[in-house]
$ cat upload36.cif   # mmCIF, C-alpha atoms
data_structure
#
loop_
_atom_site.label_atom_id
_atom_site.label_comp_id
_atom_site.auth_asym_id
_atom_site.auth_seq_id
_atom_site.Cartn_x
_atom_site.Cartn_y
_atom_site.Cartn_z
CA MET A 69 59.65 -99.88 43.77
CA ASP A 70 61.47 -103.15 44.47
CA ILE A 71 60.33 -103.74 48.08
CA GLU A 72 62.51 -106.82 48.64
CA THR A 73 65.66 -104.91 47.68
CA GLN A 74 64.53 -101.95 49.76
CA ARG A 75 64.15 -104.15 52.86
CA LYS A 76 67.56 -105.74 52.33
CA TRP A 77 69.31 -102.39 52.20
CA ASP A 78 67.28 -100.97 55.07
CA ALA A 79 68.68 -103.83 57.15
CA ALA A 80 72.22 -103.37 55.79
CA SER A 81 72.20 -99.65 56.62
CA ARG A 82 72.88 -100.45 60.28
CA SER A 83 76.31 -101.98 59.60
CA LEU A 84 77.51 -100.15 56.48
CA ASP A 85 79.50 -97.43 58.25
CA PHE A 86 81.24 -100.03 60.43
CA PHE A 87 83.15 -101.31 57.40
CA ALA A 88 83.96 -97.87 56.00
CA TRP A 89 87.17 -96.79 57.75
CA GLY A 90 89.61 -99.03 55.89
CA ASP A 91 87.98 -98.50 52.51
CA ASP A 92 87.81 -94.74 53.05
CA HIS A 93 91.55 -94.56 53.64
CA ARG A 94 92.56 -96.93 50.87
CA LEU A 95 90.03 -96.09 48.17
CA GLY A 96 89.08 -92.54 49.19
CA PRO A 97 91.86 -90.82 47.17
CA HIS A 98 90.75 -92.68 44.01
CA LYS A 99 87.13 -91.65 44.58
CA ARG A 100 88.18 -88.04 45.16
CA ARG A 101 90.16 -88.10 41.88
CA LEU A 102 87.16 -89.52 39.99
CA PHE A 103 84.66 -87.12 41.56
CA SER A 104 86.85 -84.11 40.67
CA LYS A 105 85.39 -84.58 37.15
CA ILE A 106 81.84 -83.85 38.38
CA HIS A 107 80.26 -80.85 36.69
CA GLY A 108 76.79 -79.50 36.05
CA ALA A 109 73.57 -81.11 37.22
CA THR A 110 74.63 -84.30 38.98
CA LEU A 111 72.80 -87.46 39.99
CA MET A 112 74.34 -89.83 42.53
CA VAL A 113 72.79 -93.28 42.46
CA ALA A 114 72.70 -95.39 45.64
CA ALA A 115 74.00 -92.76 48.04
CA GLY A 116 73.85 -95.24 50.92
CA THR A 117 74.63 -93.68 54.29
CA GLY A 118 76.34 -90.75 52.54
CA ASN A 119 79.81 -92.00 53.32
CA ASP A 120 81.15 -90.82 49.96
CA PHE A 121 79.80 -87.27 50.18
CA LYS A 122 83.09 -86.15 51.74
CA PHE A 123 84.92 -87.01 48.51
CA PHE A 124 82.74 -84.72 46.36
CA PRO A 125 84.26 -81.42 45.19
CA PRO A 126 82.64 -78.48 46.98
CA SER A 127 79.98 -76.14 45.59
CA GLN A 128 78.07 -78.73 43.55
CA HIS A 129 74.34 -79.35 43.47
CA ILE A 130 73.82 -83.09 43.65
CA VAL A 131 70.63 -85.13 43.68
CA ALA A 132 71.47 -88.28 45.67
CA ILE A 133 69.03 -91.16 45.46
CA ASP A 134 68.78 -94.50 47.22
CA ILE A 135 66.16 -97.23 47.33
CA SER A 136 66.45 -97.41 51.13
CA PRO A 137 64.84 -94.75 53.34
CA GLU A 138 66.91 -96.04 56.28
CA MET A 139 70.11 -95.37 54.34
CA LEU A 140 69.05 -91.84 53.48
CA GLY A 141 68.00 -91.22 57.07
CA ARG A 142 71.58 -91.93 58.08
CA ALA A 143 72.92 -89.86 55.15
CA ALA A 144 71.04 -86.70 56.12
CA LYS A 145 73.65 -85.43 58.61
CA LYS A 146 76.49 -86.01 56.12
CA ALA A 147 74.53 -84.25 53.37
CA ALA A 148 74.03 -81.25 55.67
CA ALA A 149 77.79 -81.11 56.34
CA TYR A 150 78.64 -80.98 52.61
CA GLN A 151 79.81 -77.59 51.29
CA GLY A 152 77.28 -77.43 48.49
CA THR A 153 73.79 -78.86 48.24
CA ILE A 154 72.83 -82.51 48.32
CA GLU A 155 69.17 -83.32 47.83
CA LEU A 156 68.25 -86.77 49.14
CA ARG A 157 65.42 -88.72 47.49
CA VAL A 158 64.13 -92.28 47.91
CA MET A 159 64.07 -93.78 44.43
CA ASP A 160 64.59 -96.99 42.47
CA VAL A 161 67.22 -96.58 39.74
CA CYS A 162 65.10 -98.78 37.47
CA GLU A 163 62.16 -96.33 37.66
CA LEU A 164 63.60 -92.81 37.63
CA PRO A 165 60.96 -90.04 37.51
CA PHE A 166 63.29 -87.54 35.80
CA VAL A 167 62.69 -86.40 32.23
CA ASP A 168 65.12 -87.45 29.48
CA ALA A 169 68.52 -85.71 29.38
CA SER A 170 68.24 -84.14 32.85
CA PHE A 171 71.81 -84.58 34.10
CA ASP A 172 75.32 -83.62 33.01
CA THR A 173 76.94 -86.16 35.34
CA VAL A 174 75.77 -89.42 36.86
CA VAL A 175 77.87 -90.92 39.68
CA THR A 176 77.71 -94.42 41.11
CA VAL A 177 79.78 -96.01 43.87
CA CYS A 178 79.48 -99.77 44.40
CA THR A 179 75.95 -99.58 43.03
CA PHE A 180 75.61 -102.00 40.14
CA CYS A 181 76.83 -104.92 42.24
CA SER A 182 73.48 -104.59 44.00
CA VAL A 183 70.85 -103.50 41.50
CA PRO A 184 68.88 -106.69 40.72
CA ARG A 185 68.34 -105.68 37.07
CA PRO A 186 71.58 -103.83 36.29
CA VAL A 187 71.08 -103.31 32.55
CA VAL A 188 67.57 -101.90 33.14
CA GLY A 189 68.99 -99.50 35.74
CA LEU A 190 71.85 -98.48 33.46
CA ARG A 191 69.41 -97.87 30.59
CA GLU A 192 67.53 -95.49 32.89
CA LEU A 193 70.80 -93.66 33.57
CA TYR A 194 71.41 -93.51 29.81
CA ARG A 195 67.97 -91.96 29.39
CA VAL A 196 68.38 -89.24 32.02
CA LEU A 197 71.93 -88.34 30.97
CA LYS A 198 72.37 -85.43 28.55
CA PRO A 199 73.84 -86.31 25.12
CA ASP A 200 77.24 -84.88 26.10
CA GLY A 201 76.96 -86.07 29.72
CA GLN A 202 79.27 -88.40 31.60
CA LEU A 203 78.79 -91.52 33.67
CA LEU A 204 81.39 -91.84 36.45
CA MET A 205 81.44 -95.19 38.23
CA PHE A 206 83.49 -96.64 41.07
CA GLU A 207 82.52 -100.31 41.12
CA HIS A 208 83.72 -103.77 41.99
CA VAL A 209 83.31 -106.52 39.40
CA ARG A 210 84.08 -110.20 38.88
CA SER A 211 87.78 -110.85 38.44
CA LYS A 212 88.99 -112.46 35.24
CA ILE A 213 91.91 -113.94 37.19
CA GLY A 214 91.08 -117.64 37.77
CA PRO A 215 91.45 -118.13 41.57
CA PHE A 216 89.88 -114.76 42.40
CA GLY A 217 87.02 -115.27 39.97
CA ILE A 218 86.23 -118.67 41.49
CA PHE A 219 86.32 -117.21 45.01
CA LEU A 220 83.98 -114.36 44.04
CA ASP A 221 81.59 -116.85 42.41
CA LEU A 222 81.64 -119.03 45.54
CA MET A 223 81.04 -116.11 47.90
CA THR A 224 78.24 -114.47 45.90
CA PRO A 225 75.35 -116.71 47.11
CA LEU A 226 76.29 -115.71 50.68
CA SER A 227 77.03 -112.03 50.03
CA ARG A 228 73.79 -111.61 48.04
CA HIS A 229 71.72 -112.28 51.17
CA LEU A 230 73.47 -109.52 53.11
CA GLY A 231 74.31 -107.06 50.37
CA PRO A 232 75.99 -107.07 46.96
CA ASP A 233 76.81 -109.67 44.32
CA LEU A 234 80.57 -110.07 43.95
CA ASN A 235 80.69 -111.43 40.41
CA ARG A 236 78.98 -108.88 38.19
CA ASP A 237 80.25 -107.91 34.73
CA THR A 238 79.51 -104.22 35.19
CA VAL A 239 81.77 -103.06 32.36
CA GLY A 240 79.84 -105.36 29.99
CA ASN A 241 76.52 -104.19 31.42
CA VAL A 242 77.45 -100.54 30.85
CA GLN A 243 78.07 -101.33 27.19
CA LYS A 244 74.89 -103.44 26.94
CA ALA A 245 72.90 -100.42 28.16
CA GLY A 246 74.18 -98.42 25.19
CA PHE A 247 76.99 -96.41 26.76
CA ARG A 248 80.32 -95.97 25.04
CA LEU A 249 83.22 -96.81 27.31
CA ARG A 250 85.62 -93.89 27.61
CA ARG A 251 87.92 -95.15 30.33
CA GLU A 252 88.35 -98.25 32.45
CA GLU A 253 90.94 -98.23 35.20
CA ASN A 254 91.97 -100.94 37.64
CA VAL A 255 92.16 -99.63 41.20
CA TYR A 256 92.67 -102.96 43.02
CA LEU A 257 93.64 -105.99 40.96
CA ASP A 258 91.03 -106.21 38.18
CA ILE A 259 88.20 -106.14 40.73
CA VAL A 260 87.79 -102.56 41.96
CA LYS A 261 87.51 -100.30 38.94
CA ILE A 262 86.89 -96.78 37.79
CA ILE A 263 84.60 -96.82 34.77
CA GLU A 264 83.89 -93.70 32.74
CA ALA A 265 81.36 -93.73 29.92
CA GLY A 266 79.29 -91.43 27.76
CA LYS A 267 76.53 -91.55 25.18
CA GLY A 268 78.59 -90.83 22.14
CA MET B 1144 103.00 -98.24 56.20
CA TYR B 1145 100.03 -99.06 58.45
CA PHE B 1146 98.32 -100.90 55.60
CA VAL B 1147 101.48 -102.74 54.48
CA ILE B 1148 102.09 -104.06 58.00
CA GLY B 1149 98.38 -104.76 58.41
CA ASP B 1150 98.14 -106.70 55.12
CA TYR B 1151 101.12 -108.91 55.95
CA GLY B 1152 99.99 -109.33 59.57
CA ALA B 1153 96.48 -110.35 58.50
CA GLY B 1154 97.83 -112.76 55.87
CA MET B 1155 100.24 -114.38 58.33
CA LEU B 1156 97.54 -114.68 61.00
CA ILE B 1157 95.06 -116.31 58.62
CA GLY B 1158 97.75 -118.61 57.23
CA ALA B 1159 98.93 -119.69 60.70
CA LEU B 1160 95.41 -120.31 62.00
CA THR B 1161 94.46 -122.24 58.86
CA ALA B 1162 97.56 -124.45 59.12
CA LEU B 1163 96.86 -125.03 62.81
CA ALA B 1164 93.18 -125.89 62.34
CA VAL B 1165 93.87 -128.19 59.40
CA ARG B 1166 96.61 -129.96 61.36
CA ALA B 1167 94.13 -130.58 64.17
CA ALA B 1168 91.49 -132.00 61.82
CA VAL B 1169 93.56 -134.04 59.34
CA TRP B 1170 95.63 -137.05 60.32
CA PRO B 1171 98.30 -138.94 58.36
CA GLY B 1172 96.69 -141.60 56.20
CA MET B 1173 93.38 -139.77 55.73
CA ASP B 1174 92.04 -140.00 52.18
CA MET B 1175 93.80 -137.19 50.37
CA VAL B 1176 90.71 -135.92 48.55
CA ILE B 1177 88.73 -135.76 51.79
CA ALA B 1178 91.68 -134.08 53.51
CA MET B 1179 91.88 -131.53 50.70
CA LEU B 1180 88.15 -130.75 50.82
CA LEU B 1181 88.15 -130.61 54.62
CA GLY B 1182 91.15 -128.26 54.52
CA MET B 1183 89.33 -126.06 52.01
CA VAL B 1184 86.20 -125.84 54.18
CA ILE B 1185 88.23 -125.08 57.32
CA GLY B 1186 90.29 -122.48 55.48
CA MET B 1187 87.20 -120.80 54.02
CA ALA B 1188 85.51 -120.64 57.43
CA ILE B 1189 88.61 -119.07 58.99
CA HIS B 1190 89.18 -116.57 56.20
CA THR B 1191 85.50 -115.53 56.15
CA VAL B 1192 85.37 -114.85 59.89
CA LEU B 1193 88.80 -113.22 60.17
CA GLY B 1194 88.38 -111.37 56.89
CA LEU B 1195 85.13 -109.80 58.09
CA LEU B 1196 86.69 -108.88 61.44
CA LEU B 1197 89.76 -107.29 59.87
CA SER B 1198 88.20 -105.63 56.84
CA PRO B 1199 86.93 -102.53 58.72
CA LEU B 1200 90.59 -101.86 59.60
CA LEU B 1201 92.21 -102.83 56.30
CA GLY B 1202 89.53 -102.45 53.61
CA MET B 1203 87.08 -105.05 52.40
CA PHE B 1204 88.70 -106.25 49.19
CA GLU B 1205 92.30 -105.80 50.28
CA THR B 1206 91.53 -108.11 53.21
CA MET B 1207 89.11 -110.61 51.72
CA LEU B 1208 90.97 -111.40 48.50
CA PRO B 1209 94.32 -112.42 49.98
CA ALA B 1210 92.44 -114.08 52.85
CA SER B 1211 90.45 -116.18 50.39
CA VAL B 1212 93.55 -117.44 48.60
CA ILE B 1213 95.30 -118.19 51.89
CA GLY B 1214 92.26 -119.83 53.47
CA MET B 1215 90.82 -121.73 50.53
CA TYR B 1216 93.93 -122.76 48.61
CA GLY B 1217 96.16 -122.89 51.70
CA GLY B 1218 93.61 -125.09 53.47
CA MET B 1219 93.64 -127.51 50.52
CA LEU B 1220 97.43 -127.56 50.42
CA PHE B 1221 97.84 -128.06 54.16
CA GLY B 1222 95.17 -130.77 54.15
CA MET B 1223 96.93 -132.77 51.42
CA ARG B 1224 100.29 -132.26 53.08
CA ASP B 1225 99.08 -133.43 56.48
CA SER B 1226 97.29 -136.47 55.02
CA MET B 1227 100.55 -137.61 53.42
CA ALA B 1228 102.34 -137.29 56.76
CA ALA B 1229 104.44 -134.65 55.05
CA GLY B 1230 103.14 -131.90 57.30
CA SER B 1231 104.98 -130.02 60.03
CA GLN B 1232 106.19 -132.18 62.91
CA THR B 1233 105.70 -129.58 65.63
CA LEU B 1234 103.07 -126.97 66.38
CA THR B 1235 105.63 -124.19 65.98
CA ALA B 1236 106.66 -125.52 62.59
CA ALA B 1237 102.98 -125.67 61.46
CA LEU B 1238 102.41 -122.09 62.58
CA THR B 1239 105.59 -120.94 60.84
CA VAL B 1240 104.70 -122.67 57.57
CA GLY B 1241 101.18 -121.20 57.69
CA ALA B 1242 102.43 -117.70 58.43
CA LEU B 1243 105.06 -117.97 55.71
CA PHE B 1244 102.46 -119.15 53.21
CA GLY B 1245 100.25 -116.18 54.19
CA ALA B 1246 103.09 -113.69 53.75
CA ILE B 1247 104.06 -115.14 50.34
CA VAL B 1248 100.45 -114.93 49.11
CA VAL B 1249 100.14 -111.31 50.28
CA LEU B 1250 103.41 -110.45 48.53
CA GLY B 1251 102.29 -112.19 45.34
CA ILE B 1252 98.98 -110.36 45.31
CA LYS B 1253 100.69 -107.02 45.94
CA VAL B 1254 103.02 -107.61 42.99
CA TYR B 1255 100.07 -108.69 40.80
CA ASP B 1256 98.04 -105.66 41.90
CA HIS B 1257 100.92 -103.35 41.07
CA ALA B 1258 101.18 -104.89 37.59
CA LEU B 1259 97.44 -104.61 36.92
CA ARG B 1260 96.85 -101.08 38.21
CA GLY B 1261 96.06 -98.28 35.83
CA ALA B 1262 94.06 -97.71 32.68
CA VAL B 1263 92.81 -100.74 30.76
CA VAL B 1264 90.79 -98.71 28.27
CA ASP B 1265 91.40 -95.03 27.61
CA ALA B 1266 89.56 -93.55 24.64
CA GLY B 1267 91.78 -90.51 25.01
CA ASP B 1268 94.87 -92.56 24.08
#
$ encode --input "upload36.cif" --output "C-alpha cells"
Amino acid sequence: MDIETQRKWDAASRSLDFFAWGDDHRLGPHKRRLFSKIHGATLMVAAGTGNDFKFFPPSQHIVAIDISPEMLGRAAKKAAAYQGTIELRVMDVCELPFVDASFDTVVTVCTFCSVPRPVVGLRELYRVLKPDGQLLMFEHVRSKIGPFGIFLDLMTPLSRHLGPDLNRDTVGNVQKAGFRLRREENVYLDIVKIIEAGKG
Amino acid sequence: MYFVIGDYGAGMLIGALTALAVRAAVWPGMDMVIAMLLGMVIGMAIHTVLGLLLSPLLGMFETMLPASVIGMYGGMLFGMRDSMAAGSQTLTAALTVGALFGAIVVLGIKVYDHALRGAVVDAGD
C-alpha cells in the first residue's frame, strides 16, 4: 500500500464534496451516459467520497475501491442509498488482490490523474478484466492545445501536493498497459474525456 | 442558462480584476519584459484564487481553463500595454477593457469547445 498517497487522499477527502456541485451538474449527464454501459461484475477504482454513485444505473453489484479509508468512510452513506449493492474496500489499484479475469466492467472517474504509477495500475486493471470485458473511464488529461497545455504543466506542481496531476497522457497510458482503445470522446475541450477500451 | 451567465460573469470578473491589479502595479516606462512577467504573476494569482472560489459553482475545468487564459495571458498583455503608456486612461476604461477581454476569451473557448466535442476515436466507425 502506498502510504504517502493514502495520506494525501485522506486529507483531500474533507474538501472533495465542496467542489462537486458544479461538476455534477455539468459533467453528470456525460457520466450517466457512460455508466449506462455497465454490465456484469463491476469494479470501480478510486470511488472517492462516492459522489458518482448516483450516476450508476440501478440494480448493479459494484465493488468500489479506494486507497483512502477516509474517502470510503464518507462514501458509506451514499453507497447505502444506491439502488443496488456497492461493496466498499480499501485497496491500492497497483496491488489488486482479485484473481485474473474477475470483472466484466472496470470503471474509473478522474482516477489516473492521481495514481503515482499509472501504467502499473492500468496493467492491474488489464489483468483483472475478463477477455471480453470493458474499461470505462471518465478522465482529465493534458491538453494538446498550446496555451492550455502550458497552463496545465505550470499548475501541476501545485495541484500534485493537494490532489491530482493535471498533465497526464492517460489515453497513451491505457494503450501502454496493453488495452485496445475502442472509443475516445472529448467532453470538455480535449481535456475532459470519455475513454473506452478493451482487451481485444 | 445559469452556466452560460456564470461563465461569462466569471470571465469578466477575472479579466476586470486582472486589468485593475496590473494597472496598479505597472507604470508607464517600466521595462516591458518585467511588466509582462509581473502582469503574468498577478494574473495567475488572481485566476487561481477566483477560479478556486468559483469552481464549486461552475465546475472545476470550465472555470479554471478560461480563468487561466484570462489571468495568465491577459496579465501579460495588460502589463505590456500599461508599460508602454498605451493602457486605459481611467479606472472605468481599465475595468471595461479587462471585462471585455474576459468575455472574448470565454466566447473563444466556448466556440473551440464546441468544435472539439465528440468522438475522436470510435472503433465502431
$ residues_near_point --input "upload36.cif" --point "(97.6, -144.8, 55.3)" --cutoff "12 Å" --atoms "all atoms listed in the file" --output "list in words"
Trp1170, Pro1171, Gly1172, Met1173, Asp1174, Met1175, Asp1225, Ser1226, Met1227 and Ala1228 of chain B
$ interface_residues --input "upload36.cif" --of "chain B" --to "chain A" --cutoff "8 Å" --atoms "all atoms listed in the file" --output "short mmCIF file (atom, residue, chain, number, x, y, z; two decimals) with C-alpha atoms, in the coordinates of the input"
data_model
loop_
_atom_site.label_atom_id
_atom_site.label_comp_id
_atom_site.auth_asym_id
_atom_site.auth_seq_id
_atom_site.Cartn_x
_atom_site.Cartn_y
_atom_site.Cartn_z
CA SER B 1198 88.20 -105.63 56.84
CA PRO B 1199 86.93 -102.53 58.72
CA LEU B 1200 90.59 -101.86 59.60
CA LEU B 1201 92.21 -102.83 56.30
CA GLY B 1202 89.53 -102.45 53.61
CA MET B 1203 87.08 -105.05 52.40
CA GLU B 1205 92.30 -105.80 50.28
CA LEU B 1208 90.97 -111.40 48.50
CA SER B 1211 90.45 -116.18 50.39
CA VAL B 1212 93.55 -117.44 48.60
CA TYR B 1255 100.07 -108.69 40.80
CA ASP B 1256 98.04 -105.66 41.90
CA HIS B 1257 100.92 -103.35 41.07
CA LEU B 1259 97.44 -104.61 36.92
CA ARG B 1260 96.85 -101.08 38.21
CA GLY B 1261 96.06 -98.28 35.83
CA ALA B 1262 94.06 -97.71 32.68
CA VAL B 1263 92.81 -100.74 30.76
CA VAL B 1264 90.79 -98.71 28.27
CA ASP B 1265 91.40 -95.03 27.61
CA ALA B 1266 89.56 -93.55 24.64
CA GLY B 1267 91.78 -90.51 25.01
#
$ resolve_selection --input "upload36.cif" --expression "the PyMOL selection byres ((chain B and resi 1183) around 6)" --output "list in words"
Leu1180, Leu1181, Gly1182, Val1184, Ile1185, Gly1186, Met1215, Gly1218 and Met1219 of chain B
$ resolve_selection --input "upload36.cif" --expression "the PyMOL selection byres ((chain B and resi 1150-1161) around 8)" --output "VMD selection string"
chain B and resid 1146 to 1149 1162 to 1165 1185 to 1186 1189 to 1190 1193 1197 1201 1205 to 1206 1209 to 1210 1213 to 1214 1217 to 1218 1237 to 1246 1248 to 1250
$ residues_near_point --input "upload36.cif" --point "(75.0, -94.2, 44.4)" --cutoff "9 Å" --atoms "all atoms listed in the file" --output "PyMOL selection string"
chain A and resi 111-116+118+120+132-134+174-180+205
$ resolve_selection --input "upload36.cif" --expression "the PyMOL selection byres ((chain A and resi 158) around 12)" --output "PyMOL selection string"
chain A and resi 69-70+74+78+112-116+131-141+143+155-157+159-161+163-165
$ atom_distance --input "upload36.cif" --atom1 "atom CA of A:Pro186" --atom2 "atom CA of A:Thr238"
8.0 Å
$ atom_distance --input "upload36.cif" --atom1 "atom CA of A:Gly96" --atom2 "atom CA of A:Ser211"
21.3 Å
$ atom_distance --input "upload36.cif" --atom1 "atom CA of A:Leu190" --atom2 "atom CA of A:Asp233"
16.4 Å
